file target_35.csv (CSV, C-alpha atoms)
chain,number,residue,atom,x,y,z
A,295,LEU,CA,-78.0,-214.1,43.9
A,296,PRO,CA,-77.6,-217.4,45.9
A,297,GLU,CA,-76.0,-215.4,48.7
A,298,LYS,CA,-78.7,-212.8,48.7
A,299,ILE,CA,-81.4,-215.5,48.9
A,300,THR,CA,-79.6,-217.2,51.8
A,301,ARG,CA,-79.2,-213.9,53.6
A,302,MET,CA,-82.9,-212.9,53.2
A,303,GLN,CA,-83.9,-216.3,54.6
A,304,GLN,CA,-81.7,-216.0,57.6
A,305,GLU,CA,-83.1,-212.5,58.2
A,306,GLY,CA,-86.6,-213.9,58.2
A,307,LYS,CA,-87.8,-212.0,55.1
A,308,SER,CA,-91.2,-212.9,53.7
A,309,HIS,CA,-91.6,-215.5,51.0
A,310,THR,CA,-93.1,-212.8,48.7
A,311,ALA,CA,-90.1,-210.5,49.2
A,312,ILE,CA,-87.6,-213.3,48.5
A,313,SER,CA,-89.6,-214.4,45.4
A,314,PHE,CA,-89.5,-211.0,43.8
A,315,ALA,CA,-85.9,-210.6,44.8
A,316,VAL,CA,-85.2,-213.8,42.8
A,317,ILE,CA,-87.1,-212.5,39.7
A,318,LYS,CA,-85.4,-209.1,40.0
A,319,GLY,CA,-82.0,-210.9,40.3
A,320,ILE,CA,-82.6,-212.9,37.1
A,321,PHE,CA,-83.5,-209.9,35.0
A,322,PHE,CA,-81.3,-207.3,36.6
A,323,PRO,CA,-78.3,-209.2,38.1
A,324,THR,CA,-76.0,-207.1,40.2
A,325,THR,CA,-72.4,-207.0,39.1
A,326,SER,CA,-69.4,-206.4,41.3
A,327,SER,CA,-67.3,-203.3,40.7
A,328,GLU,CA,-63.8,-203.7,39.2
A,329,GLU,CA,-62.3,-202.8,42.6
A,330,GLU,CA,-64.3,-205.5,44.3
A,331,LEU,CA,-63.3,-208.1,41.8
A,332,GLN,CA,-59.7,-207.2,42.2
A,333,ALA,CA,-60.0,-207.3,46.0
A,334,SER,CA,-61.6,-210.8,46.0
A,335,PRO,CA,-60.8,-212.6,42.7
A,336,GLN,CA,-62.3,-216.0,42.0
A,337,LYS,CA,-59.4,-218.4,42.1
A,338,GLN,CA,-59.4,-221.6,40.2
A,339,THR,CA,-59.6,-224.5,42.5
A,340,LYS,CA,-60.1,-228.3,42.6
A,341,LEU,CA,-63.3,-230.1,43.4
A,342,LYS,CA,-63.2,-231.3,47.0
A,343,VAL,CA,-66.8,-232.1,48.0
A,344,PHE,CA,-69.6,-233.3,45.8
A,345,ALA,CA,-73.3,-233.5,46.9
A,346,ALA,CA,-75.0,-236.3,45.0
A,347,GLY,CA,-78.5,-236.0,46.5
A,348,LEU,CA,-81.5,-235.1,44.4
A,349,PRO,CA,-83.1,-231.7,44.7
A,350,ARG,CA,-85.4,-231.4,47.8
A,351,SER,CA,-83.3,-233.9,49.8
A,352,GLY,CA,-81.6,-231.2,51.9
A,353,THR,CA,-79.2,-229.9,49.3
A,354,GLY,CA,-79.9,-226.2,50.1
A,355,SER,CA,-79.2,-226.7,53.7
A,356,LEU,CA,-76.0,-228.6,52.9
A,357,ALA,CA,-74.8,-225.8,50.6
A,358,VAL,CA,-75.1,-223.3,53.5
A,359,ALA,CA,-73.5,-225.7,55.9
A,360,LEU,CA,-70.5,-226.2,53.5
A,361,GLU,CA,-70.1,-222.5,53.1
A,362,GLU,CA,-70.0,-222.2,56.9
A,363,LEU,CA,-67.2,-224.8,56.9
A,364,GLY,CA,-65.1,-222.7,54.4
A,365,TYR,CA,-66.1,-224.3,51.1
A,366,ASN,CA,-67.4,-222.4,48.1
A,367,PRO,CA,-70.5,-224.2,46.9
A,368,CYS,CA,-72.3,-223.8,43.6
A,369,HIS,CA,-76.0,-224.1,44.3
A,370,GLY,CA,-79.3,-223.0,42.9
A,371,PRO,CA,-79.1,-219.9,40.7
A,372,CYS,CA,-75.3,-220.5,40.4
A,373,SER,CA,-76.2,-222.7,37.5
A,374,LEU,CA,-77.0,-219.6,35.5
A,375,GLU,CA,-73.3,-218.8,35.5
A,376,LEU,CA,-72.6,-222.1,33.7
A,377,ALA,CA,-74.7,-221.2,30.6
A,378,PRO,CA,-71.6,-221.1,28.3
A,379,VAL,CA,-70.4,-224.6,29.1
A,380,LEU,CA,-74.0,-225.9,29.2
A,381,ALA,CA,-74.6,-224.5,25.7
A,382,GLU,CA,-71.5,-226.3,24.5
A,383,HIS,CA,-72.6,-229.5,26.3
A,384,TYR,CA,-76.1,-229.5,24.7
A,385,ALA,CA,-74.5,-228.8,21.3
A,386,GLY,CA,-72.3,-232.0,21.8
A,387,LEU,CA,-69.1,-230.0,22.2
A,388,SER,CA,-68.3,-230.7,25.9
A,389,THR,CA,-68.6,-233.5,28.4
A,390,ASN,CA,-69.7,-233.8,32.0
A,391,VAL,CA,-66.1,-233.5,33.1
A,392,ASP,CA,-66.0,-230.1,31.3
A,393,ILE,CA,-68.9,-229.0,33.4
A,394,ILE,CA,-67.0,-229.9,36.6
A,395,ARG,CA,-63.9,-228.1,35.3
A,396,ALA,CA,-65.9,-225.0,34.4
A,397,GLN,CA,-67.1,-224.8,38.0
A,398,GLU,CA,-63.5,-225.3,39.3
A,399,GLU,CA,-62.4,-222.5,37.1
A,400,LYS,CA,-65.0,-220.2,38.8
A,401,GLY,CA,-63.6,-221.2,42.2
A,402,TYR,CA,-66.3,-223.7,43.3
A,403,ASP,CA,-64.8,-226.5,45.3
A,404,ALA,CA,-68.2,-227.9,46.4
A,405,GLN,CA,-70.5,-229.0,43.6
A,406,GLY,CA,-73.6,-231.1,42.8
A,407,LEU,CA,-75.9,-229.5,45.3
A,408,ASP,CA,-79.3,-229.7,43.6
A,409,GLN,CA,-79.0,-228.9,39.9
A,410,LEU,CA,-76.1,-231.2,39.0
A,411,GLY,CA,-75.9,-233.8,41.7
A,412,TRP,CA,-77.8,-236.4,39.7
A,413,LYS,CA,-75.9,-235.6,36.4
A,414,LEU,CA,-72.2,-235.5,37.6
A,415,PHE,CA,-72.0,-238.0,40.5
A,416,LYS,CA,-70.3,-240.7,38.4
A,417,GLU,CA,-67.6,-238.3,37.2
A,418,ALA,CA,-67.1,-237.0,40.8
A,419,ALA,CA,-66.9,-240.5,42.1
A,420,ALA,CA,-64.0,-241.2,39.6
A,421,LYS,CA,-61.9,-238.5,41.3
A,422,THR,CA,-60.2,-240.3,44.1
A,423,ASP,CA,-59.6,-237.2,46.2
A,424,VAL,CA,-63.2,-236.0,46.2
A,425,LYS,CA,-65.6,-236.8,49.1
A,426,VAL,CA,-69.2,-237.4,48.2
A,427,ILE,CA,-72.2,-236.6,50.4
A,428,LEU,CA,-75.6,-238.2,49.5
A,429,THR,CA,-78.4,-236.2,51.1
A,430,GLU,CA,-81.6,-238.2,51.8
A,431,HIS,CA,-85.0,-236.9,52.7
A,432,PRO,CA,-85.6,-237.5,56.5
A,433,ARG,CA,-89.0,-239.1,55.8
A,434,GLY,CA,-88.0,-241.3,52.8
A,435,GLY,CA,-88.9,-241.5,49.1
A,436,LYS,CA,-92.6,-240.7,49.2
A,437,ALA,CA,-92.1,-237.6,51.3
A,438,TRP,CA,-89.3,-236.6,48.9
A,439,ALA,CA,-91.6,-237.1,45.9
A,440,GLU,CA,-94.3,-235.0,47.6
A,441,SER,CA,-91.9,-232.1,48.3
A,442,TRP,CA,-90.3,-232.2,44.9
A,443,SER,CA,-93.6,-232.3,43.0
A,444,SER,CA,-95.1,-229.5,45.0
A,445,PHE,CA,-93.2,-226.9,42.9
A,446,VAL,CA,-90.3,-228.2,40.8
A,447,PRO,CA,-92.4,-229.1,37.7
A,448,ASP,CA,-94.1,-225.6,37.9
A,449,HIS,CA,-90.6,-224.0,38.3
A,450,ILE,CA,-89.4,-225.7,35.1
A,451,TYR,CA,-92.6,-225.0,33.1
A,452,TYR,CA,-92.9,-221.2,34.0
A,453,PHE,CA,-89.1,-220.5,33.8
A,454,SER,CA,-89.2,-222.0,30.3
A,455,GLN,CA,-91.7,-219.5,29.1
A,456,ARG,CA,-91.4,-215.9,27.9
A,457,PRO,CA,-89.9,-213.6,29.1
A,458,PHE,CA,-87.4,-216.0,30.8
A,459,ARG,CA,-86.5,-217.8,27.6
A,460,PHE,CA,-85.3,-214.5,26.1
A,461,MET,CA,-82.2,-215.1,28.3
A,462,ASP,CA,-79.7,-217.7,27.1
A,463,SER,CA,-78.6,-218.4,30.7
A,464,MET,CA,-82.2,-219.4,31.6
A,465,VAL,CA,-82.6,-221.4,28.4
A,466,GLN,CA,-79.5,-223.5,29.1
A,467,THR,CA,-80.5,-224.0,32.8
A,468,MET,CA,-84.0,-225.2,31.7
A,469,LYS,CA,-82.4,-227.7,29.3
A,470,LEU,CA,-80.5,-229.0,32.3
A,471,ASN,CA,-83.8,-229.2,34.3
A,472,ARG,CA,-85.7,-231.0,31.5
A,473,GLU,CA,-82.8,-233.5,31.3
A,474,ALA,CA,-83.4,-234.1,35.0
A,475,LEU,CA,-87.0,-234.9,34.3
A,476,MET,CA,-85.9,-237.4,31.8
A,477,TYR,CA,-83.5,-238.9,34.4
A,478,LEU,CA,-86.4,-239.2,36.9
A,479,ASN,CA,-89.2,-240.6,34.7
A,480,GLY,CA,-88.3,-240.7,31.0
A,481,THR,CA,-90.1,-237.6,29.8
A,482,ASP,CA,-89.0,-233.9,29.7
A,483,ASP,CA,-92.5,-232.5,29.9
A,484,PRO,CA,-93.1,-230.8,33.3
A,485,LYS,CA,-96.8,-231.1,32.8
A,486,ASP,CA,-96.7,-234.9,32.5
A,487,PRO,CA,-99.2,-236.4,34.9
A,488,SER,CA,-96.4,-238.5,36.5
A,489,PHE,CA,-95.0,-235.3,37.9
A,490,SER,CA,-98.2,-234.0,39.4
A,491,PHE,CA,-98.4,-233.6,43.2
A,492,PRO,CA,-97.9,-235.9,45.2
A,493,ALA,CA,-96.2,-237.9,42.5
A,494,THR,CA,-95.8,-241.0,44.7
A,495,GLU,CA,-94.6,-243.1,41.9
A,496,LEU,CA,-91.4,-241.0,41.7
A,497,SER,CA,-90.3,-242.5,45.0
A,498,ALA,CA,-89.0,-245.4,43.0
A,499,SER,CA,-86.8,-243.0,41.0
A,500,TYR,CA,-85.5,-241.5,44.3
A,501,GLU,CA,-84.6,-245.0,45.6
A,502,ARG,CA,-83.0,-245.9,42.2
A,503,HIS,CA,-80.8,-242.8,42.2
A,504,ASN,CA,-79.7,-243.2,45.8
A,505,GLY,CA,-79.0,-246.9,45.3
A,506,GLU,CA,-76.8,-246.1,42.3
A,507,VAL,CA,-74.8,-243.5,44.2
A,508,LYS,CA,-74.2,-246.0,47.0
A,509,LYS,CA,-73.1,-248.6,44.5
A,510,ILE,CA,-70.7,-246.4,42.6
A,511,VAL,CA,-69.0,-244.3,45.2
A,512,PRO,CA,-66.5,-246.1,47.4
A,513,ALA,CA,-67.8,-246.4,51.0
A,514,GLU,CA,-64.8,-244.7,52.5
A,515,ARG,CA,-65.5,-241.6,50.4
A,516,LEU,CA,-69.3,-241.5,50.9
A,517,LEU,CA,-71.4,-240.0,53.6
A,518,VAL,CA,-75.2,-240.7,53.6
A,519,PHE,CA,-76.7,-237.8,55.4
A,520,ASN,CA,-80.0,-236.1,56.2
A,521,PRO,CA,-80.2,-232.6,57.7
A,522,THR,CA,-81.8,-233.7,60.9
A,523,GLN,CA,-78.5,-235.4,61.9
A,524,GLY,CA,-76.9,-231.9,62.4
A,525,TRP,CA,-73.2,-231.0,62.2
A,526,ASP,CA,-71.4,-234.0,63.7
A,527,PRO,CA,-71.5,-236.5,60.8
A,528,ILE,CA,-70.4,-233.8,58.3
A,529,CYS,CA,-67.6,-232.5,60.5
A,530,HIS,CA,-66.3,-236.0,61.1
A,531,PHE,CA,-66.5,-236.9,57.4
A,532,LEU,CA,-64.8,-233.8,56.2
A,533,GLU,CA,-62.3,-233.9,59.1
A,534,VAL,CA,-63.3,-230.5,60.5
A,535,LYS,CA,-61.6,-230.0,63.8
A,536,LYS,CA,-63.7,-227.1,65.0
A,537,CYS,CA,-67.4,-228.0,64.4
A,538,PRO,CA,-69.8,-225.1,64.4
A,539,VAL,CA,-71.9,-224.6,67.5
A,540,ILE,CA,-74.8,-222.8,65.7
A,541,ASP,CA,-77.9,-224.7,64.6
A,542,PHE,CA,-77.6,-226.6,61.4
A,543,PRO,CA,-79.1,-224.5,58.6
A,544,HIS,CA,-82.6,-225.2,57.3
A,545,MET,CA,-83.0,-223.5,53.9
A,546,THR,CA,-85.2,-223.3,50.8
A,547,ASP,CA,-88.4,-224.5,52.5
A,548,ARG,CA,-91.1,-225.7,50.2
A,549,HIS,CA,-93.5,-222.8,50.7
A,550,MET,CA,-90.8,-220.3,49.8
A,551,MET,CA,-90.1,-222.2,46.6
A,552,MET,CA,-93.8,-222.4,45.8
A,553,SER,CA,-94.0,-218.7,46.2
A,554,ILE,CA,-91.1,-218.3,43.6
A,555,SER,CA,-93.1,-220.4,41.2
A,556,LYS,CA,-96.1,-218.2,41.6
A,557,ALA,CA,-94.0,-215.1,41.0
A,558,ALA,CA,-92.6,-216.7,37.8
A,559,MET,CA,-96.2,-217.5,36.7
A,560,ILE,CA,-97.2,-213.9,37.2
A,561,MET,CA,-94.3,-212.7,35.1
A,562,THR,CA,-95.4,-214.9,32.2
A,563,TRP,CA,-98.8,-213.2,32.4
A,564,VAL,CA,-97.8,-209.6,32.7
A,565,TRP,CA,-94.7,-209.3,30.6
A,566,PRO,CA,-96.7,-208.5,27.3
A,567,LEU,CA,-98.1,-205.4,29.1
A,568,VAL,CA,-94.6,-203.9,29.4
A,569,PRO,CA,-94.1,-203.0,25.7
A,570,VAL,CA,-97.8,-201.9,25.5
A,571,VAL,CA,-97.3,-199.5,28.5
A,572,CYS,CA,-94.0,-198.2,27.1
A,573,PHE,CA,-95.7,-197.6,23.7
A,574,ALA,CA,-98.7,-195.8,25.3
A,575,LEU,CA,-96.3,-193.7,27.4
A,576,GLY,CA,-94.2,-192.8,24.4
A,577,MET,CA,-97.4,-191.8,22.4
A,578,SER,CA,-98.6,-189.7,25.3
A,579,ILE,CA,-95.3,-187.8,25.5
A,580,LEU,CA,-95.3,-187.3,21.7
A,581,ARG,CA,-98.9,-186.1,21.8
A,582,CYS,CA,-98.1,-183.7,24.6
A,583,GLY,CA,-95.1,-182.4,22.7
A,584,PHE,CA,-97.3,-181.9,19.5
A,585,TYR,CA,-100.0,-180.0,21.3
A,586,SER,CA,-97.5,-177.9,23.1
A,587,GLN,CA,-95.8,-176.9,19.8
A,588,LYS,CA,-99.2,-176.2,18.2
A,589,LYS,CA,-100.3,-174.0,21.1
A,590,THR,CA,-97.0,-172.1,20.9
A,591,LYS,CA,-97.5,-171.4,17.2
A,592,VAL,CA,-101.0,-170.2,17.8
A,593,SER,CA,-99.8,-167.8,20.4

call {"tool": "encode", "arguments": {"input": "target_35.csv", "output": "structure tokens"}}
result
Amino acid sequence: LPEKITRMQQEGKSHTAISFAVIKGIFFPTTSSEEELQASPQKQTKLKVFAAGLPRSGTGSLAVALEELGYNPCHGPCSLELAPVLAEHYAGLSTNVDIIRAQEEKGYDAQGLDQLGWKLFKEAAAKTDVKVILTEHPRGGKAWAESWSSFVPDHIYYFSQRPFRFMDSMVQTMKLNREALMYLNGTDDPKDPSFSFPATELSASYERHNGEVKKIVPAERLLVFNPTQGWDPICHFLEVKKCPVIDFPHMTDRHMMMSISKAAMIMTWVWPLVPVVCFALGMSILRCGFYSQKKTKVS
């Protein structure tokens, strides 16, 4: 699903098309064939790069950039794959280190990136061979708070409702997201007024998080970066000899994400109609069959 979303953005697909592709991908995930899995198996790896920035600080663009450089990033809907370890974690049976290890076992050598950057940066910093990238919003904390509050609370609220909460993968991911709300402002309620757009008070949480990352991660293993700086800082930091000549990616723009929130909202409204329509259709088929048999007997 993350790769499909990226591809659709690069192809210039409409926000509406991308939104419904996301919803479809959640309910009807495509699975690779056995032949495809054998041809390109996911090999266990070690964490190499960790993105410690908060969501809406350029993490989506960084994920695509890292993929271009040959890394395998876990970003966005990738968190749905982590449902088993998250379920154990919220049951008190696994640690943050186990979440990192679970991603390594799935072949992800670039982690953090949005969903888990705020949660796992201390554990990543403790690994002396891991390089950490702290993405910052180009226009500072208030602009970040405005971007974040424009859709993230709605995302968390609607994806926590039926029919999404019928899926354990979504339940566990929303637990993670609600924990993120607690991290930012001490409440896990996405409808709390402090999260309402433009949520300027959250800029203090943004500065607090970034300050803590800079304090904990050794300077020689930390790159403070914003996407407007382009490829050069990342290539230098990661010791990439041949830096890409294409434009630095710009992904997951705010309006697209707001469109996904609206699509999720619509799903929470219309899903009760599905069993009603199925029941009505079933009754119509039975009724037609009954009258057909009755007519045959009369004849």

call {"tool": "atom_distance", "arguments": {"input": "target_35.csv", "atom1": "atom CA of Leu360 of chain A", "atom2": "atom CA of Ile450 of chain A"}}
result
26.4 Å

call {"tool": "residues_around", "arguments": {"input": "target_35.csv", "residues": "Pro538 of chain A", "least_positions_apart": "5", "cutoff": "9 Å", "atoms": "only C-alpha atoms", "output": "list in words"}}
result
Glu362, Leu363, Trp525 and Cys529 of chain A

call {"tool": "closest_residue", "arguments": {"input": "target_35.csv", "among": "A:Pro457, A:Pro527, A:Gly347, A:Gly435", "to": "Leu410 of chain A", "atoms": "only C-alpha atoms"}}
result
A:Gly347

call {"tool": "closest_residue", "arguments": {"input": "target_35.csv", "among": "A:Ala498, A:Ile540, A:Leu407, A:Met464", "to": "Cys368 of chain A", "atoms": "only C-alpha atoms"}}
result
A:Leu407

call {"tool": "closest_residue", "arguments": {"input": "target_35.csv", "among": "A:Ser553, A:Gln338, A:Ser463, A:Thr562", "to": "Val379 of chain A", "atoms": "all atoms listed in the file"}}
result
A:Ser463

call {"tool": "atom_distance", "arguments": {"input": "target_35.csv", "atom1": "atom CA of Asp423 of chain A", "atom2": "atom CA of Ile393 of chain A"}}
result
17.8 Å

call {"tool": "closest_residue", "arguments": {"input": "target_35.csv", "among": "A:Asp526, A:Asp483, A:Glu398, A:Asp448", "to": "Met559 of chain A", "atoms": "only C-alpha atoms"}}
result
A:Asp448

call {"tool": "atom_distance", "arguments": {"input": "target_35.csv", "atom1": "atom CA of Tyr402 of chain A", "atom2": "atom CA of Asn366 of chain A"}}
result
5.1 Å

call {"tool": "residues_near_point", "arguments": {"input": "target_35.csv", "point": "(-97.3, -240.8, 45.8)", "cutoff": "10 Å", "atoms": "only C-alpha atoms", "output": "list in words"}}
result
Gly435, Lys436, Ala437, Trp438, Ala439, Glu440, Ser443, Ser488, Phe489, Ser490, Phe491, Pro492, Ala493, Thr494, Glu495, Leu496, Ser497 and Ala498 of chain A

call {"tool": "closest_residue", "arguments": {"input": "target_35.csv", "among": "A:Leu374, A:Ala385, A:Leu356, A:Val424", "to": "Lys340 of chain A", "atoms": "only C-alpha atoms"}}
result
A:Val424

call {"tool": "closest_residue", "arguments": {"input": "target_35.csv", "among": "A:Gln455, A:Gln405, A:Ser313, A:Asn520", "to": "Glu361 of chain A", "atoms": "all atoms listed in the file"}}
result
A:Gln405
